[in-house]
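Q: My file is coords.cif. It has mmCIF, N, CA and C atoms:
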data_start
#
loop_
_atom_site.label_atom_id
_atom_site.label_comp_id
_atom_site.auth_asym_id
_atom_site.auth_seq_id
_atom_site.Cartn_x
_atom_site.Cartn_y
_atom_site.Cartn_z
N MET A 21 -232.03 251.43 -18.31
CA MET A 21 -232.04 250.42 -17.29
C MET A 21 -231.08 250.79 -16.18
N THR A 22 -231.52 250.60 -14.95
CA THR A 22 -230.64 250.87 -13.83
C THR A 22 -230.43 249.58 -13.05
N PHE A 23 -229.23 249.44 -12.54
CA PHE A 23 -228.89 248.29 -11.73
C PHE A 23 -228.56 248.78 -10.34
N SER A 24 -229.03 248.06 -9.36
CA SER A 24 -228.73 248.46 -7.99
C SER A 24 -227.76 247.46 -7.37
N GLN A 25 -226.95 247.98 -6.49
CA GLN A 25 -226.00 247.12 -5.78
C GLN A 25 -226.77 246.30 -4.76
N PRO A 26 -226.42 245.01 -4.58
CA PRO A 26 -227.09 244.22 -3.56
C PRO A 26 -226.75 244.74 -2.18
N SER A 27 -227.71 244.70 -1.31
CA SER A 27 -227.51 245.12 0.06
C SER A 27 -226.56 244.15 0.75
N ALA A 28 -225.80 244.65 1.71
CA ALA A 28 -224.84 243.81 2.44
C ALA A 28 -225.55 242.74 3.25
N ASN A 29 -226.82 242.94 3.54
CA ASN A 29 -227.55 241.98 4.36
C ASN A 29 -228.41 241.03 3.53
N GLN A 30 -228.36 241.14 2.20
CA GLN A 30 -229.15 240.24 1.36
C GLN A 30 -228.53 238.86 1.33
N PRO A 31 -229.34 237.83 1.13
CA PRO A 31 -228.81 236.47 1.06
C PRO A 31 -227.84 236.31 -0.10
N GLN A 32 -226.81 235.49 0.12
CA GLN A 32 -225.88 235.15 -0.94
C GLN A 32 -226.26 233.78 -1.46
N SER A 33 -225.28 233.05 -1.96
CA SER A 33 -225.55 231.75 -2.57
C SER A 33 -226.12 230.73 -1.59
N THR A 34 -225.91 230.93 -0.29
CA THR A 34 -226.42 229.99 0.70
C THR A 34 -227.90 230.20 0.96
N GLY A 35 -228.45 231.33 0.56
CA GLY A 35 -229.85 231.63 0.83
C GLY A 35 -230.07 232.21 2.21
N LEU A 36 -229.00 232.46 2.95
CA LEU A 36 -229.10 233.00 4.30
C LEU A 36 -228.55 234.42 4.32
N ASP A 37 -229.15 235.28 5.12
CA ASP A 37 -228.61 236.63 5.23
C ASP A 37 -227.40 236.65 6.16
N LYS A 38 -226.73 237.79 6.20
CA LYS A 38 -225.50 237.93 6.97
C LYS A 38 -225.71 237.63 8.45
N LYS A 39 -226.78 238.14 9.02
CA LYS A 39 -227.04 237.93 10.44
C LYS A 39 -227.20 236.45 10.76
N THR A 40 -227.95 235.74 9.94
CA THR A 40 -228.18 234.32 10.16
C THR A 40 -226.88 233.53 10.03
N ARG A 41 -226.07 233.86 9.00
CA ARG A 41 -224.80 233.17 8.83
C ARG A 41 -223.86 233.44 10.00
N ALA A 42 -223.86 234.66 10.53
CA ALA A 42 -223.01 234.99 11.67
C ALA A 42 -223.44 234.21 12.91
N ILE A 43 -224.74 234.13 13.14
CA ILE A 43 -225.25 233.38 14.29
C ILE A 43 -224.93 231.89 14.14
N LEU A 44 -225.18 231.36 12.95
CA LEU A 44 -224.94 229.93 12.73
C LEU A 44 -223.46 229.55 12.79
N SER A 45 -222.58 230.50 12.59
CA SER A 45 -221.16 230.17 12.68
C SER A 45 -220.75 229.81 14.11
N TYR A 46 -221.58 230.16 15.07
CA TYR A 46 -221.33 229.79 16.47
C TYR A 46 -222.16 228.59 16.94
N ALA A 47 -223.15 228.18 16.15
CA ALA A 47 -224.16 227.22 16.61
C ALA A 47 -223.57 225.92 17.16
N LEU A 48 -222.64 225.31 16.46
CA LEU A 48 -222.03 224.06 16.93
C LEU A 48 -220.54 224.25 17.20
N GLY A 49 -220.20 225.43 17.68
CA GLY A 49 -218.80 225.69 18.04
C GLY A 49 -217.90 225.72 16.82
N TRP A 50 -216.72 225.14 16.97
CA TRP A 50 -215.72 225.20 15.90
C TRP A 50 -216.16 224.47 14.64
N LEU A 51 -217.06 223.49 14.76
CA LEU A 51 -217.51 222.73 13.59
C LEU A 51 -218.26 223.64 12.60
N THR A 52 -219.24 224.39 13.07
CA THR A 52 -219.94 225.31 12.17
C THR A 52 -219.06 226.50 11.82
N GLY A 53 -218.08 226.80 12.67
CA GLY A 53 -217.13 227.84 12.33
C GLY A 53 -216.35 227.47 11.07
N VAL A 54 -215.90 226.22 11.00
CA VAL A 54 -215.17 225.76 9.82
C VAL A 54 -216.07 225.80 8.59
N ILE A 55 -217.30 225.36 8.74
CA ILE A 55 -218.23 225.35 7.60
C ILE A 55 -218.46 226.76 7.08
N PHE A 56 -218.78 227.70 7.98
CA PHE A 56 -219.10 229.06 7.54
C PHE A 56 -217.87 229.87 7.18
N LEU A 57 -216.68 229.42 7.57
CA LEU A 57 -215.47 230.08 7.12
C LEU A 57 -215.34 229.95 5.60
N PHE A 58 -215.75 228.80 5.07
CA PHE A 58 -215.65 228.59 3.63
C PHE A 58 -216.94 228.95 2.89
N VAL A 59 -218.10 228.72 3.53
CA VAL A 59 -219.37 229.07 2.89
C VAL A 59 -219.51 230.59 2.79
N GLY A 60 -219.09 231.30 3.81
CA GLY A 60 -219.22 232.75 3.84
C GLY A 60 -217.96 233.48 3.46
N LYS A 61 -217.10 232.86 2.62
CA LYS A 61 -215.80 233.46 2.35
C LYS A 61 -215.86 234.74 1.54
N LYS A 62 -217.02 235.07 0.97
CA LYS A 62 -217.15 236.34 0.24
C LYS A 62 -217.53 237.49 1.15
N ASP A 63 -217.90 237.19 2.39
CA ASP A 63 -218.30 238.22 3.34
C ASP A 63 -217.29 238.27 4.49
N PRO A 64 -216.52 239.34 4.60
CA PRO A 64 -215.48 239.40 5.64
C PRO A 64 -216.04 239.36 7.06
N ASP A 65 -217.25 239.87 7.27
CA ASP A 65 -217.84 239.83 8.61
C ASP A 65 -218.18 238.41 9.02
N VAL A 66 -218.76 237.64 8.12
CA VAL A 66 -219.10 236.25 8.41
C VAL A 66 -217.83 235.44 8.61
N LYS A 67 -216.81 235.69 7.79
CA LYS A 67 -215.54 235.00 7.97
C LYS A 67 -214.94 235.31 9.34
N PHE A 68 -215.08 236.55 9.79
CA PHE A 68 -214.56 236.92 11.11
C PHE A 68 -215.30 236.17 12.21
N HIS A 69 -216.62 236.12 12.14
CA HIS A 69 -217.40 235.38 13.15
C HIS A 69 -217.03 233.90 13.14
N ALA A 70 -216.91 233.33 11.95
CA ALA A 70 -216.55 231.92 11.84
C ALA A 70 -215.15 231.67 12.40
N SER A 71 -214.23 232.58 12.13
CA SER A 71 -212.87 232.44 12.64
C SER A 71 -212.83 232.55 14.16
N GLN A 72 -213.60 233.46 14.71
CA GLN A 72 -213.68 233.57 16.17
C GLN A 72 -214.21 232.27 16.77
N SER A 73 -215.21 231.70 16.13
CA SER A 73 -215.77 230.45 16.61
C SER A 73 -214.73 229.33 16.60
N ILE A 74 -213.97 229.26 15.51
CA ILE A 74 -212.93 228.23 15.41
C ILE A 74 -211.86 228.42 16.46
N VAL A 75 -211.37 229.65 16.60
CA VAL A 75 -210.27 229.92 17.53
C VAL A 75 -210.73 229.68 18.97
N PHE A 76 -211.87 230.25 19.35
CA PHE A 76 -212.30 230.14 20.75
C PHE A 76 -212.71 228.71 21.10
N PHE A 77 -213.64 228.15 20.34
CA PHE A 77 -214.15 226.83 20.70
C PHE A 77 -213.13 225.72 20.41
N GLY A 78 -212.24 225.96 19.46
CA GLY A 78 -211.13 225.02 19.27
C GLY A 78 -210.21 225.02 20.48
N ALA A 79 -209.89 226.21 20.99
CA ALA A 79 -209.05 226.31 22.18
C ALA A 79 -209.73 225.68 23.39
N VAL A 80 -211.03 225.90 23.53
CA VAL A 80 -211.77 225.29 24.65
C VAL A 80 -211.74 223.76 24.54
N SER A 81 -211.89 223.25 23.34
CA SER A 81 -211.85 221.80 23.14
C SER A 81 -210.49 221.23 23.52
N VAL A 82 -209.42 221.91 23.10
CA VAL A 82 -208.07 221.45 23.42
C VAL A 82 -207.83 221.50 24.93
N VAL A 83 -208.21 222.60 25.56
CA VAL A 83 -208.01 222.74 27.01
C VAL A 83 -208.79 221.67 27.76
N ASN A 84 -210.04 221.43 27.39
CA ASN A 84 -210.81 220.38 28.07
C ASN A 84 -210.22 219.00 27.84
N PHE A 85 -209.70 218.74 26.65
CA PHE A 85 -209.07 217.45 26.36
C PHE A 85 -207.83 217.26 27.24
N VAL A 86 -206.98 218.29 27.33
CA VAL A 86 -205.77 218.20 28.14
C VAL A 86 -206.13 218.04 29.62
N LEU A 87 -207.11 218.80 30.08
CA LEU A 87 -207.53 218.67 31.48
C LEU A 87 -208.05 217.27 31.80
N SER A 88 -208.79 216.69 30.88
CA SER A 88 -209.31 215.35 31.14
C SER A 88 -208.21 214.29 31.12
N ILE A 89 -207.24 214.43 30.23
CA ILE A 89 -206.12 213.48 30.19
C ILE A 89 -205.28 213.60 31.46
N VAL A 90 -204.89 214.82 31.81
CA VAL A 90 -204.08 215.02 33.01
C VAL A 90 -204.86 214.58 34.24
N GLY A 91 -206.14 214.90 34.30
CA GLY A 91 -206.96 214.50 35.44
C GLY A 91 -207.07 213.00 35.58
N SER A 92 -207.14 212.28 34.48
CA SER A 92 -207.24 210.82 34.56
C SER A 92 -205.91 210.19 34.98
N LEU A 93 -204.81 210.86 34.73
CA LEU A 93 -203.50 210.33 35.12
C LEU A 93 -203.17 210.57 36.59
N LEU A 94 -203.84 211.51 37.22
CA LEU A 94 -203.50 211.88 38.59
C LEU A 94 -204.36 211.21 39.65
N GLY A 95 -205.28 210.38 39.24
CA GLY A 95 -206.11 209.67 40.22
C GLY A 95 -206.96 210.60 41.04
N ALA A 96 -206.74 210.58 42.38
CA ALA A 96 -207.57 211.36 43.30
C ALA A 96 -207.40 212.86 43.09
N LEU A 97 -206.22 213.29 42.70
CA LEU A 97 -206.01 214.72 42.44
C LEU A 97 -206.68 215.16 41.15
N GLY A 98 -207.13 214.19 40.38
CA GLY A 98 -207.78 214.51 39.12
C GLY A 98 -209.08 215.26 39.27
N ILE A 99 -209.67 215.22 40.45
CA ILE A 99 -210.93 215.95 40.69
C ILE A 99 -210.73 217.44 40.50
N ILE A 100 -209.54 217.93 40.81
CA ILE A 100 -209.24 219.36 40.63
C ILE A 100 -209.29 219.70 39.15
N PHE A 101 -208.73 218.82 38.32
CA PHE A 101 -208.74 219.06 36.87
C PHE A 101 -210.14 218.90 36.30
N SER A 102 -210.93 218.01 36.89
CA SER A 102 -212.32 217.86 36.46
C SER A 102 -213.11 219.12 36.77
N LEU A 103 -212.88 219.69 37.94
CA LEU A 103 -213.55 220.95 38.30
C LEU A 103 -213.09 222.09 37.40
N ALA A 104 -211.80 222.11 37.06
CA ALA A 104 -211.30 223.14 36.15
C ALA A 104 -211.95 222.99 34.78
N GLY A 105 -212.13 221.75 34.33
CA GLY A 105 -212.81 221.50 33.06
C GLY A 105 -214.25 221.96 33.09
N LEU A 106 -214.90 221.79 34.23
CA LEU A 106 -216.28 222.25 34.40
C LEU A 106 -216.35 223.77 34.31
N VAL A 107 -215.41 224.45 34.93
CA VAL A 107 -215.37 225.92 34.88
C VAL A 107 -215.13 226.40 33.44
N VAL A 108 -214.21 225.74 32.74
CA VAL A 108 -213.94 226.11 31.35
C VAL A 108 -215.19 225.88 30.50
N GLY A 109 -215.88 224.77 30.73
CA GLY A 109 -217.11 224.48 30.00
C GLY A 109 -218.21 225.50 30.27
N LEU A 110 -218.34 225.93 31.52
CA LEU A 110 -219.34 226.95 31.85
C LEU A 110 -219.00 228.30 31.22
N LEU A 111 -217.71 228.65 31.23
CA LEU A 111 -217.29 229.88 30.56
C LEU A 111 -217.60 229.81 29.07
N ALA A 112 -217.33 228.67 28.47
CA ALA A 112 -217.61 228.50 27.04
C ALA A 112 -219.10 228.61 26.76
N LEU A 113 -219.93 228.07 27.63
CA LEU A 113 -221.38 228.16 27.46
C LEU A 113 -221.85 229.62 27.52
N VAL A 114 -221.32 230.36 28.47
CA VAL A 114 -221.69 231.77 28.61
C VAL A 114 -221.25 232.56 27.38
N VAL A 115 -220.01 232.34 26.94
CA VAL A 115 -219.51 233.05 25.75
C VAL A 115 -220.30 232.65 24.52
N TRP A 116 -220.65 231.37 24.40
CA TRP A 116 -221.42 230.87 23.25
C TRP A 116 -222.77 231.59 23.14
N ILE A 117 -223.49 231.67 24.26
CA ILE A 117 -224.80 232.33 24.26
C ILE A 117 -224.63 233.82 23.95
N MET A 118 -223.67 234.46 24.60
CA MET A 118 -223.45 235.89 24.38
C MET A 118 -223.02 236.17 22.94
N ALA A 119 -222.24 235.28 22.34
CA ALA A 119 -221.78 235.48 20.96
C ALA A 119 -222.95 235.44 19.99
N MET A 120 -223.85 234.49 20.18
CA MET A 120 -225.00 234.39 19.28
C MET A 120 -225.94 235.58 19.46
N VAL A 121 -226.14 236.01 20.69
CA VAL A 121 -226.98 237.18 20.95
C VAL A 121 -226.34 238.43 20.34
N GLN A 122 -225.04 238.57 20.50
CA GLN A 122 -224.35 239.73 19.94
C GLN A 122 -224.39 239.72 18.42
N ALA A 123 -224.20 238.55 17.80
CA ALA A 123 -224.28 238.46 16.33
C ALA A 123 -225.68 238.84 15.86
N ASN A 124 -226.70 238.47 16.62
CA ASN A 124 -228.07 238.84 16.28
C ASN A 124 -228.29 240.34 16.43
N ASN A 125 -227.83 240.89 17.54
CA ASN A 125 -228.07 242.31 17.82
C ASN A 125 -227.31 243.23 16.87
N THR A 126 -226.14 242.81 16.40
CA THR A 126 -225.36 243.66 15.50
C THR A 126 -225.70 243.42 14.04
N GLY A 127 -226.55 242.48 13.76
CA GLY A 127 -226.93 242.19 12.38
C GLY A 127 -225.85 241.44 11.61
N GLY A 128 -224.94 240.80 12.34
CA GLY A 128 -223.89 240.03 11.69
C GLY A 128 -222.63 240.81 11.39
N VAL A 129 -222.61 242.07 11.79
CA VAL A 129 -221.42 242.90 11.55
C VAL A 129 -220.31 242.43 12.48
N ARG A 130 -219.08 242.60 12.03
CA ARG A 130 -217.90 242.17 12.79
C ARG A 130 -217.92 242.75 14.19
N ALA A 131 -217.81 241.87 15.18
CA ALA A 131 -217.76 242.29 16.57
C ALA A 131 -216.99 241.24 17.36
N PRO A 132 -216.08 241.66 18.23
CA PRO A 132 -215.32 240.68 19.01
C PRO A 132 -216.21 239.95 20.00
N LEU A 133 -215.81 238.73 20.33
CA LEU A 133 -216.56 237.95 21.31
C LEU A 133 -216.61 238.67 22.65
N PRO A 134 -217.72 238.51 23.37
CA PRO A 134 -217.78 239.06 24.72
C PRO A 134 -216.77 238.34 25.63
N ILE A 135 -216.25 239.00 26.60
CA ILE A 135 -215.34 238.52 27.63
C ILE A 135 -213.94 238.25 27.07
N VAL A 136 -213.81 237.40 26.06
CA VAL A 136 -212.50 236.97 25.57
C VAL A 136 -212.12 237.57 24.22
N GLY A 137 -212.95 238.44 23.68
CA GLY A 137 -212.75 238.96 22.33
C GLY A 137 -211.44 239.66 22.09
N LYS A 138 -210.95 240.43 23.06
CA LYS A 138 -209.71 241.17 22.83
C LYS A 138 -208.51 240.24 22.71
N PHE A 139 -208.60 239.04 23.28
CA PHE A 139 -207.51 238.07 23.16
C PHE A 139 -207.62 237.26 21.87
N ILE A 140 -208.84 237.01 21.43
CA ILE A 140 -209.11 236.11 20.31
C ILE A 140 -209.11 236.86 18.97
N ALA A 141 -209.52 238.11 18.94
CA ALA A 141 -209.71 238.84 17.69
C ALA A 141 -208.48 238.87 16.78
N PRO A 142 -207.26 239.07 17.29
CA PRO A 142 -206.12 239.07 16.36
C PRO A 142 -205.94 237.72 15.64
N TYR A 143 -206.14 236.64 16.35
CA TYR A 143 -206.00 235.31 15.74
C TYR A 143 -207.14 235.05 14.75
N ALA A 144 -208.32 235.52 15.10
CA ALA A 144 -209.46 235.36 14.20
C ALA A 144 -209.25 236.16 12.92
N ASP A 145 -208.68 237.36 13.03
CA ASP A 145 -208.37 238.16 11.84
C ASP A 145 -207.38 237.44 10.94
N GLN A 146 -206.34 236.88 11.55
CA GLN A 146 -205.34 236.15 10.76
C GLN A 146 -205.98 234.98 10.01
N LEU A 147 -206.80 234.21 10.72
CA LEU A 147 -207.45 233.06 10.10
C LEU A 147 -208.41 233.50 9.00
N ALA A 148 -209.21 234.52 9.27
CA ALA A 148 -210.18 235.00 8.27
C ALA A 148 -209.47 235.52 7.03
N ASN A 149 -208.35 236.19 7.21
CA ASN A 149 -207.61 236.74 6.06
C ASN A 149 -206.86 235.67 5.28
N SER A 150 -206.63 234.52 5.89
CA SER A 150 -205.90 233.46 5.19
C SER A 150 -206.79 232.68 4.24
N VAL A 151 -208.11 232.76 4.40
CA VAL A 151 -209.04 232.05 3.51
C VAL A 151 -209.45 232.99 2.39
N LYS A 152 -209.19 232.59 1.18
CA LYS A 152 -209.51 233.43 0.00
C LYS A 152 -210.67 232.85 -0.75
#
Would you put the structure from the file into structure tokens?
A:
Amino acid sequence: MTFSQPSANQPQSTGLDKKTRAILSYALGWLTGVIFLFVGKKDPDVKFHASQSIVFFGAVSVVNFVLSIVGSLLGALGIIFSLAGLVVGLLALVVWIMAMVQANNTGGVRAPLPIVGKFIAPYADQLANSVK
């Protein structure tokens, strides 16, 4: 009898392959990042994608929250902060789309986010390595 090693792209206990889990870790921003950080904890590539999602979209959420609070406190000058929030939201939308396309094109293999990946990757590595 011979036993073969499972392929790295075969479905695990979730029934989803690596590429699908990597894409879905970005689907709802940091929320699905948290879910797939624990669901995909046996696959370091999926954990990395999930961690990137948490770090990037979590930071975007915090920045937009701060901009909206500060903007509401400044009255008429708050329009500047509203416009800054719009720019941050558009950047997040572009990165979100590019991240899912990149996860699809690479087959779920570890890859830094487009545009902001070099800044986010060290923090994503730390987070991914902290989940056992």
Q: Find, counting only C-alpha atoms, the residue in A:Ala79, A:Gly53, A:Val66, A:Ala47 that gets nearest to Met118 of chain A.
A: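 Comparing A:Ala79, A:Gly53, A:Val66, A:Ala47 against Met118 of chain A, the winner is A:Ala47.
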Q: If you measure from atom N of Trp50 of chain A to atom CA of Val108 of chain A, what distance in Å do you get, rounded to one decimal?
A: 14.7 Å
Q: Could you tell me which residues the PyMOL selection byres ((chain A and resi 135-151) around 5) grabs in this file, written as a ChimeraX atom specification?
A: /A:67,71-72,132-134,152
Q: Let me know the residues the PyMOL selection byres ((chain A and resi 45) around 8) catches in the file above, as a ChimeraX atom specification.
A: /A:39-44,46-57,66,69-74
Q: Taking all atoms listed in the file into account, which of A:Ala131, A:Lys38, A:Val115, A:Gly109 comes nearest Asn84 of chain A?
A: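 Ranked by minimum distance to Asn84 of chain A, first place goes to A:Gly109.
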Q: Per DSSP on the backbone, what are the alpha helix (DSSP H) residues of segment 21-151 of chain A, as an MDAnalysis selection string?
A: chainID A and resid 38:47 50:59 64:93 98:125 137:150
Q: Report the distance between atom N of Gly78 of chain A and atom CA of Ala96 of chain A in Å, rounded to one decimal place.
A: 28.3 Å
Q: Excluding Val86 of chain A and residues on its chain fewer than 6 positions from it, collect all residues at most 8 Å away from it, counting all atoms listed in the file, and give them as a tab-separated table (two decimals) with N, CA and C atoms, keeping the file's coordinate frame.
A:
chain	number	residue	atom	x	y	z
A	80	VAL	N	-211.03	225.90	23.53
A	80	VAL	CA	-211.77	225.29	24.65
A	80	VAL	C	-211.74	223.76	24.54
A	92	SER	N	-207.14	212.28	34.48
A	92	SER	CA	-207.24	210.82	34.56
A	92	SER	C	-205.91	210.19	34.98
A	101	PHE	N	-208.73	218.82	38.32
A	101	PHE	CA	-208.74	219.06	36.87
A	101	PHE	C	-210.14	218.90	36.30
Q: Could you state the separation of atom C of Leu110 of chain A and atom N of Leu93 of chain A in Å, given to one decimal place?
A: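 Going from atom C of Leu110 of chain A over to atom N of Leu93 of chain A covers 22.8 Å.
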